[in-house]
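Shown here: query10.cif, mmCIF, C-alpha atoms, pLDDT in the B column; chains and numbers go by the auth columns.
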data_work
#
loop_
_atom_site.group_PDB
_atom_site.id
_atom_site.type_symbol
_atom_site.label_atom_id
_atom_site.label_comp_id
_atom_site.label_asym_id
_atom_site.label_seq_id
_atom_site.Cartn_x
_atom_site.Cartn_y
_atom_site.Cartn_z
_atom_site.B_iso_or_equiv
_atom_site.auth_seq_id
_atom_site.auth_asym_id
ATOM 1 C CA MET A 1 -0.495 10.556 0.302 52.00 7 A
ATOM 2 C CA LYS A 2 2.175 12.331 -1.823 50.00 8 A
ATOM 3 C CA PHE A 3 4.977 11.040 0.443 51.00 9 A
ATOM 4 C CA ARG A 4 3.632 7.476 0.253 55.00 10 A
ATOM 5 C CA ILE A 5 3.543 7.565 -3.566 53.00 11 A
ATOM 6 C CA VAL A 6 7.110 8.901 -3.699 50.00 12 A
ATOM 7 C CA SER A 7 8.259 6.122 -1.327 57.00 13 A
ATOM 8 C CA LEU A 8 6.601 3.457 -3.461 53.00 14 A
ATOM 9 C CA CYS A 9 8.212 4.864 -6.611 57.00 15 A
ATOM 10 C CA LEU A 10 11.666 4.788 -4.987 54.00 16 A
ATOM 11 C CA ALA A 11 11.160 1.193 -3.862 56.00 17 A
ATOM 12 C CA PHE A 12 10.071 0.257 -7.390 56.00 18 A
ATOM 13 C CA VAL A 13 13.190 1.852 -8.940 53.00 19 A
ATOM 14 C CA LEU A 14 15.532 0.115 -6.473 55.00 20 A
ATOM 15 C CA LEU A 15 13.982 -3.269 -7.236 56.00 21 A
ATOM 16 C CA VAL A 16 14.337 -2.761 -10.981 53.00 22 A
ATOM 17 C CA LEU A 17 18.003 -1.768 -10.581 57.00 23 A
ATOM 18 C CA SER A 18 18.695 -4.784 -8.383 60.00 24 A
ATOM 19 C CA LEU A 19 17.064 -7.088 -10.916 54.00 25 A
ATOM 20 C CA SER A 20 19.105 -5.614 -13.762 58.00 26 A
ATOM 21 C CA ALA A 21 22.327 -6.047 -11.818 56.00 27 A
ATOM 22 C CA CYS A 22 21.487 -9.649 -11.011 55.00 28 A
ATOM 23 C CA ARG A 23 20.781 -10.446 -14.647 56.00 29 A
ATOM 24 C CA ALA A 24 23.981 -8.769 -15.792 53.00 30 A
ATOM 25 C CA GLN A 25 26.020 -10.796 -13.331 55.00 31 A
ATOM 26 C CA GLN A 26 24.399 -14.041 -14.461 54.00 32 A
ATOM 27 C CA SER A 27 25.037 -13.207 -18.124 52.00 33 A
ATOM 28 C CA LYS A 28 28.648 -12.368 -17.404 51.00 34 A
ATOM 29 C CA GLU A 29 29.281 -15.724 -15.771 52.00 35 A
ATOM 30 C CA ASN A 30 27.515 -17.422 -18.713 51.00 36 A
ATOM 31 C CA LYS A 31 26.222 -20.302 -16.659 50.00 37 A
ATOM 32 C CA PRO A 32 22.899 -21.166 -15.076 50.00 38 A
ATOM 33 C CA ASP A 33 22.433 -20.013 -11.510 52.00 39 A
ATOM 34 C CA VAL A 34 19.430 -21.523 -9.730 52.00 40 A
ATOM 35 C CA SER A 35 19.625 -19.155 -6.732 61.00 41 A
ATOM 36 C CA ALA A 36 19.910 -16.107 -8.988 58.00 42 A
ATOM 37 C CA SER A 37 16.938 -17.285 -11.018 67.00 43 A
ATOM 38 C CA ALA A 38 14.858 -17.693 -7.867 66.00 44 A
ATOM 39 C CA GLN A 39 15.901 -14.234 -6.726 65.00 45 A
ATOM 40 C CA ASN A 40 14.868 -12.824 -10.115 66.00 46 A
ATOM 41 C CA GLU A 41 11.450 -14.391 -9.733 72.00 47 A
ATOM 42 C CA GLU A 42 11.115 -12.856 -6.284 71.00 48 A
ATOM 43 C CA TYR A 43 12.094 -9.427 -7.606 62.00 49 A
ATOM 44 C CA LEU A 44 9.614 -9.684 -10.476 68.00 50 A
ATOM 45 C CA ALA A 45 6.818 -10.640 -8.101 71.00 51 A
ATOM 46 C CA ARG A 46 7.637 -7.724 -5.799 68.00 52 A
ATOM 47 C CA ILE A 47 7.734 -5.315 -8.747 66.00 53 A
ATOM 48 C CA LYS A 48 4.248 -6.413 -9.771 70.00 54 A
ATOM 49 C CA GLU A 49 3.032 -5.864 -6.214 73.00 55 A
ATOM 50 C CA LEU A 50 4.500 -2.336 -6.170 67.00 56 A
ATOM 51 C CA GLU A 51 2.977 -1.517 -9.552 66.00 57 A
ATOM 52 C CA ALA A 52 -0.441 -2.609 -8.302 67.00 58 A
ATOM 53 C CA GLU A 53 -0.058 -0.617 -5.080 66.00 59 A
ATOM 54 C CA LEU A 54 1.003 2.505 -6.982 61.00 60 A
ATOM 55 C CA ALA A 55 -2.021 2.146 -9.242 61.00 61 A
ATOM 56 C CA ARG A 56 -4.302 1.944 -6.192 64.00 62 A
ATOM 57 C CA GLU A 57 -2.686 5.002 -4.592 59.00 63 A
ATOM 58 C CA ARG A 58 -3.114 7.044 -7.784 56.00 64 A
ATOM 59 C CA GLU A 59 -6.736 5.950 -8.151 58.00 65 A
ATOM 60 C CA GLU A 60 -7.547 6.821 -4.524 56.00 66 A
ATOM 61 C CA LYS A 61 -5.922 10.240 -4.854 54.00 67 A
ATOM 62 C CA TYR A 62 -7.838 10.932 -8.057 53.00 68 A
ATOM 63 C CA ILE A 63 -11.130 9.960 -6.431 50.00 69 A
ATOM 64 C CA SER A 64 -10.355 12.106 -3.385 56.00 70 A
ATOM 65 C CA ASP A 65 -9.424 15.140 -5.504 61.00 71 A
ATOM 66 C CA SER A 66 -12.546 14.719 -7.642 59.00 72 A
ATOM 67 C CA ALA A 67 -14.782 14.606 -4.570 59.00 73 A
ATOM 68 C CA TYR A 68 -13.096 17.716 -3.177 61.00 74 A
ATOM 69 C CA ARG A 69 -13.528 19.704 -6.401 63.00 75 A
ATOM 70 C CA SER A 70 -17.141 18.587 -6.706 64.00 76 A
ATOM 71 C CA ARG A 71 -17.988 19.704 -3.157 62.00 77 A
ATOM 72 C CA ILE A 72 -16.316 23.118 -3.543 62.00 78 A
ATOM 73 C CA SER A 73 -18.107 23.696 -6.847 64.00 79 A
ATOM 74 C CA GLU A 74 -21.411 22.785 -5.207 62.00 80 A
ATOM 75 C CA LEU A 75 -20.852 25.297 -2.404 60.00 81 A
ATOM 76 C CA GLU A 76 -19.768 28.093 -4.734 58.00 82 A
ATOM 77 C CA ASN A 77 -22.788 27.701 -7.003 60.00 83 A
ATOM 78 C CA LYS A 78 -25.530 27.006 -4.472 56.00 84 A
ATOM 79 C CA PRO A 79 -28.279 29.575 -3.742 53.00 85 A
ATOM 80 C CA ALA A 80 -27.676 32.033 -0.909 49.00 86 A
ATOM 81 C CA SER A 81 -29.922 30.093 1.463 47.00 87 A
ATOM 82 C CA ALA A 82 -32.585 27.421 1.149 47.00 88 A
ATOM 83 C CA SER A 83 -34.743 29.340 3.630 46.00 89 A
ATOM 84 C CA GLY A 84 -34.353 32.626 1.748 53.00 90 A
ATOM 85 C CA GLU A 85 -32.202 34.098 4.514 58.00 91 A
ATOM 86 C CA GLU A 86 -29.328 36.169 3.167 69.00 92 A
ATOM 87 C CA GLU A 87 -25.907 34.793 4.039 76.00 93 A
ATOM 88 C CA SER A 88 -23.619 37.042 6.028 81.00 94 A
ATOM 89 C CA VAL A 89 -20.009 37.207 7.164 85.00 95 A
ATOM 90 C CA VAL A 90 -19.755 38.665 10.672 88.00 96 A
ATOM 91 C CA LEU A 91 -16.194 38.971 11.981 92.00 97 A
ATOM 92 C CA HIS A 92 -15.165 40.054 15.463 93.00 98 A
ATOM 93 C CA TYR A 93 -11.751 41.644 15.803 95.00 99 A
ATOM 94 C CA VAL A 94 -9.459 43.827 17.870 95.00 100 A
ATOM 95 C CA LYS A 95 -7.231 46.588 16.600 93.00 101 A
ATOM 96 C CA GLU A 96 -3.895 47.081 18.325 90.00 102 A
ATOM 97 C CA ASP A 97 -0.366 48.166 17.454 90.00 103 A
ATOM 98 C CA GLY A 98 -1.523 49.269 14.019 91.00 104 A
ATOM 99 C CA GLY A 99 -2.850 45.840 13.049 96.00 105 A
ATOM 100 C CA VAL A 100 -6.089 43.873 13.279 96.00 106 A
ATOM 101 C CA THR A 101 -6.546 40.406 14.801 97.00 107 A
ATOM 102 C CA ILE A 102 -9.657 38.385 13.960 96.00 108 A
ATOM 103 C CA THR A 103 -11.057 37.033 17.238 96.00 109 A
ATOM 104 C CA GLY A 104 -14.369 35.449 16.273 94.00 110 A
ATOM 105 C CA TYR A 105 -16.913 34.610 13.580 93.00 111 A
ATOM 106 C CA GLU A 106 -20.704 34.638 13.832 89.00 112 A
ATOM 107 C CA GLY A 107 -21.747 34.746 10.181 85.00 113 A
ATOM 108 C CA ASN A 108 -23.857 32.104 8.473 88.00 114 A
ATOM 109 C CA SER A 109 -21.963 31.956 5.174 89.00 115 A
ATOM 110 C CA PRO A 110 -19.987 28.731 4.581 91.00 116 A
ATOM 111 C CA LEU A 111 -17.582 30.601 2.281 92.00 117 A
ATOM 112 C CA VAL A 112 -15.522 33.251 4.086 94.00 118 A
ATOM 113 C CA SER A 113 -13.000 35.576 2.485 93.00 119 A
ATOM 114 C CA ILE A 114 -11.335 37.702 5.167 95.00 120 A
ATOM 115 C CA PRO A 115 -10.578 41.275 4.050 94.00 121 A
ATOM 116 C CA SER A 116 -6.979 42.494 4.114 95.00 122 A
ATOM 117 C CA VAL A 117 -7.945 45.793 5.776 95.00 123 A
ATOM 118 C CA LEU A 118 -10.403 46.684 8.562 94.00 124 A
ATOM 119 C CA GLU A 119 -10.737 50.194 10.011 91.00 125 A
ATOM 120 C CA ASP A 120 -7.850 51.345 7.817 94.00 126 A
ATOM 121 C CA ALA A 121 -5.510 48.802 9.417 95.00 127 A
ATOM 122 C CA PRO A 122 -4.123 45.579 7.927 97.00 128 A
ATOM 123 C CA VAL A 123 -5.509 42.245 9.142 97.00 129 A
ATOM 124 C CA VAL A 124 -2.314 40.637 10.453 97.00 130 A
ATOM 125 C CA ALA A 125 -3.505 37.690 12.546 98.00 131 A
ATOM 126 C CA ILE A 126 -6.183 35.080 13.135 98.00 132 A
ATOM 127 C CA GLY A 127 -6.536 34.807 16.901 97.00 133 A
ATOM 128 C CA ASP A 128 -6.735 31.735 19.138 97.00 134 A
ATOM 129 C CA ARG A 129 -9.995 29.783 18.576 96.00 135 A
ATOM 130 C CA ALA A 130 -11.284 32.540 16.256 96.00 136 A
ATOM 131 C CA PHE A 131 -13.378 30.133 14.132 96.00 137 A
ATOM 132 C CA GLU A 132 -13.878 27.427 16.751 96.00 138 A
ATOM 133 C CA GLY A 133 -16.944 25.331 15.922 95.00 139 A
ATOM 134 C CA ALA A 134 -17.980 27.615 13.053 95.00 140 A
ATOM 135 C CA ALA A 135 -20.125 26.171 10.247 93.00 141 A
ATOM 136 C CA VAL A 136 -17.698 27.175 7.507 94.00 142 A
ATOM 137 C CA SER A 137 -16.582 25.171 4.494 93.00 143 A
ATOM 138 C CA SER A 138 -13.982 27.381 2.849 94.00 144 A
ATOM 139 C CA VAL A 139 -11.884 30.224 4.282 95.00 145 A
ATOM 140 C CA VAL A 140 -9.518 32.527 2.392 95.00 146 A
ATOM 141 C CA LEU A 141 -6.895 34.472 4.351 97.00 147 A
ATOM 142 C CA PRO A 142 -5.467 37.697 2.868 96.00 148 A
ATOM 143 C CA GLU A 143 -1.802 38.307 2.044 96.00 149 A
ATOM 144 C CA SER A 144 -1.595 40.675 5.034 97.00 150 A
ATOM 145 C CA VAL A 145 -1.920 37.846 7.598 98.00 151 A
ATOM 146 C CA ARG A 146 1.291 36.892 9.406 97.00 152 A
ATOM 147 C CA SER A 147 0.118 34.462 12.083 98.00 153 A
ATOM 148 C CA ILE A 148 -2.642 32.001 12.972 98.00 154 A
ATOM 149 C CA GLY A 149 -3.359 31.301 16.631 97.00 155 A
ATOM 150 C CA TRP A 150 -3.863 28.092 18.597 97.00 156 A
ATOM 151 C CA PHE A 151 -6.952 26.030 17.726 97.00 157 A
ATOM 152 C CA ALA A 152 -8.061 28.757 15.284 97.00 158 A
ATOM 153 C CA PHE A 153 -10.386 26.371 13.383 97.00 159 A
ATOM 154 C CA TYR A 154 -10.928 23.832 16.135 97.00 160 A
ATOM 155 C CA GLY A 155 -14.064 21.727 15.702 96.00 161 A
ATOM 156 C CA CYS A 156 -15.001 23.056 12.246 96.00 162 A
ATOM 157 C CA THR A 157 -16.195 19.627 11.152 94.00 163 A
ATOM 158 C CA GLY A 158 -17.456 20.801 7.756 93.00 164 A
ATOM 159 C CA LEU A 159 -14.301 22.718 6.835 94.00 165 A
ATOM 160 C CA LEU A 160 -13.021 21.619 3.426 94.00 166 A
ATOM 161 C CA ASP A 161 -10.228 24.076 2.668 94.00 167 A
ATOM 162 C CA VAL A 162 -8.317 27.053 4.019 96.00 168 A
ATOM 163 C CA ARG A 163 -6.257 29.217 1.682 96.00 169 A
ATOM 164 C CA ILE A 164 -3.130 30.355 3.547 97.00 170 A
ATOM 165 C CA PRO A 165 -0.795 32.911 1.933 97.00 171 A
ATOM 166 C CA ALA A 166 3.005 32.668 1.938 96.00 172 A
ATOM 167 C CA SER A 167 3.057 35.709 4.251 97.00 173 A
ATOM 168 C CA VAL A 168 2.094 33.491 7.213 98.00 174 A
ATOM 169 C CA SER A 169 5.210 32.622 9.205 97.00 175 A
ATOM 170 C CA GLU A 170 3.713 31.620 12.556 97.00 176 A
ATOM 171 C CA MET A 171 1.069 28.971 13.235 97.00 177 A
ATOM 172 C CA GLY A 172 -0.062 27.761 16.641 96.00 178 A
ATOM 173 C CA TYR A 173 -0.802 24.290 17.959 95.00 179 A
ATOM 174 C CA GLY A 174 -3.840 22.290 16.848 95.00 180 A
ATOM 175 C CA ILE A 175 -5.180 24.843 14.360 97.00 181 A
ATOM 176 C CA PHE A 176 -7.145 22.177 12.470 97.00 182 A
ATOM 177 C CA GLU A 177 -7.998 19.790 15.318 95.00 183 A
ATOM 178 C CA GLY A 178 -11.456 18.363 14.749 95.00 184 A
ATOM 179 C CA CYS A 179 -11.440 19.210 11.018 95.00 185 A
ATOM 180 C CA PRO A 180 -11.406 15.719 9.442 93.00 186 A
ATOM 181 C CA SER A 181 -11.729 16.797 5.791 92.00 187 A
ATOM 182 C CA VAL A 182 -9.669 19.987 5.705 94.00 188 A
ATOM 183 C CA LEU A 183 -7.265 20.716 2.865 95.00 189 A
ATOM 184 C CA VAL A 184 -4.632 23.465 3.181 96.00 190 A
ATOM 185 C CA VAL A 185 -4.233 25.485 -0.019 95.00 191 A
ATOM 186 C CA CYS A 186 -0.831 27.155 0.050 96.00 192 A
ATOM 187 C CA ALA A 187 2.369 27.924 -1.862 96.00 193 A
ATOM 188 C CA PRO A 188 4.892 25.088 -2.345 95.00 194 A
ATOM 189 C CA ASP A 189 7.576 24.962 0.355 95.00 195 A
ATOM 190 C CA SER A 190 5.775 27.639 2.382 96.00 196 A
ATOM 191 C CA TYR A 191 5.538 27.663 6.164 97.00 197 A
ATOM 192 C CA ALA A 192 1.890 26.608 5.872 97.00 198 A
ATOM 193 C CA GLU A 193 2.755 23.600 3.708 96.00 199 A
ATOM 194 C CA LYS A 194 5.409 22.411 6.164 96.00 200 A
ATOM 195 C CA TYR A 195 3.008 22.911 9.072 97.00 201 A
ATOM 196 C CA ALA A 196 0.251 20.935 7.331 95.00 202 A
ATOM 197 C CA HIS A 197 2.561 18.055 6.472 94.00 203 A
ATOM 198 C CA SER A 198 3.813 17.891 10.068 94.00 204 A
ATOM 199 C CA TYR A 199 0.204 17.216 11.131 93.00 205 A
ATOM 200 C CA GLY A 200 -0.516 14.839 8.260 93.00 206 A
ATOM 201 C CA ILE A 201 -2.911 17.322 6.604 94.00 207 A
ATOM 202 C CA ALA A 202 -3.313 17.244 2.824 93.00 208 A
ATOM 203 C CA THR A 203 -2.243 20.307 0.826 94.00 209 A
ATOM 204 C CA ARG A 204 -2.897 21.793 -2.594 92.00 210 A
ATOM 205 C CA SER A 205 -0.639 24.341 -4.314 91.00 211 A
ATOM 206 C CA LEU A 206 -1.864 27.858 -4.940 81.00 212 A
#
Output the structure of this file as structure tokens.
Amino acid sequence: MKFRIVSLCLAFVLLVLSLSACRAQQSKENKPDVSASAQNEEYLARIKELEAELAREREEKYISDSAYRSRISELENKPASASGEEESVVLHYVKEDGGVTITGYEGNSPLVSIPSVLEDAPVVAIGDRAFEGAAVSSVVLPESVRSIGWFAFYGCTGLLDVRIPASVSEMGYGIFEGCPSVLVVCAPDSYAEKYAHSYGIATRSL
């Protein structure tokens, strides 16, 4: 979405510059030019089209962002469970080489904030398919994480956002396959942002 808006803006600027140059040339010659006039009309029409398209893009982005914020707010403020069952975060993990890798999730909480330390060791990785098919909506990764494995969130159809720190420098294939509404929250120009854009996934700056 951001790239499309930038492209439209560039096209708009180029058309305006071309129109200005054409008018300047016509004024300099100080004589009517039917072809130049027709070209001016064409430029003006195209500029109006671009303005309308930019307006639509901005409106769609605003609506999308509003819906996202509304849904996150709803999840953060909802009761623990409609059935009275207490929500829990149950993480499976392995500890090796002085670091912890998250290998699975069996909790029932839609909001998951992964701790930075488990068993006195830093959580350094999210393993392959760790959250596959999990009913999670929002996941926050700690600053200690360095890598995210293949298909880590595969099939999490209700996933709305994942907060990925700038410390992450390795991300596997298809991490967000089957996550149609996911948004990657990350630092500008970070590895996570570049990864998300390469897959056409929307991002939001930390």
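Remark: for Lys101 (chain A), the closest of the candidate residues A:Val146, A:Ala141, A:Val118, A:Val129 is A:Val129 (distances computed over all atoms listed in the file).
CA of Ala172 (chain A) is positioned 18.4 Å from CA of Val106 (chain A).
Run against this file, the PyMOL selection byres ((chain A and resi 176) around 10) gives back Ala131, Val151, Arg152, Ser153, Ile154, Gly155, Ser173, Val174, Ser175, Met177, Gly178, Tyr197, Ala198 and Tyr201 of chain A.
Nearest residue to Glu183 (chain A), choosing from A:Pro128, A:Pro171, A:Gly133, A:Gly161 and counting all atoms listed in the file: A:Gly161.
Coordinates place CA of Glu93 (chain A) at a distance of 28.4 Å from CA of Gly180 (chain A).
Residues matched by the PyMOL selection byres ((chain A and resi 199) around 10) in this file: Ile170, Ala172, Val190, Val191, Cys192, Ala193, Pro194, Asp195, Ser196, Tyr197, Ala198, Lys200, Tyr201, Ala202, His203, Ser204, Ile207, Ala208, Thr209, Arg210 and Ser211 of chain A.
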**Request:** Apply the PyMOL selection byres ((chain A and resi 160) around 10) to the file shown and report the selected residues as a VMD selection string.
**Result:** chain A and resid 134 to 140 156 to 159 161 to 163 165 180 to 185
Preceding selection exported with C-alpha atoms as a tab-separated table (two decimals), in the frame of the given file:
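Written file, result_35.tsv:
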chain	number	residue	atom	x	y	z
A	134	ASP	CA	-6.74	31.74	19.14
A	135	ARG	CA	-9.99	29.78	18.58
A	136	ALA	CA	-11.28	32.54	16.26
A	137	PHE	CA	-13.38	30.13	14.13
A	138	GLU	CA	-13.88	27.43	16.75
A	139	GLY	CA	-16.94	25.33	15.92
A	140	ALA	CA	-17.98	27.62	13.05
A	156	TRP	CA	-3.86	28.09	18.60
A	157	PHE	CA	-6.95	26.03	17.73
A	158	ALA	CA	-8.06	28.76	15.28
A	159	PHE	CA	-10.39	26.37	13.38
A	161	GLY	CA	-14.06	21.73	15.70
A	162	CYS	CA	-15.00	23.06	12.25
A	163	THR	CA	-16.20	19.63	11.15
A	165	LEU	CA	-14.30	22.72	6.84
A	180	GLY	CA	-3.84	22.29	16.85
A	181	ILE	CA	-5.18	24.84	14.36
A	182	PHE	CA	-7.14	22.18	12.47
A	183	GLU	CA	-8.00	19.79	15.32
A	184	GLY	CA	-11.46	18.36	14.75
A	185	CYS	CA	-11.44	19.21	11.02
**Request:** Mind giving me the straight-line distance from CA of Leu97 (chain A) to CA of Asp167 (chain A) in Å, one decimal?
**Result:** 18.6 Å
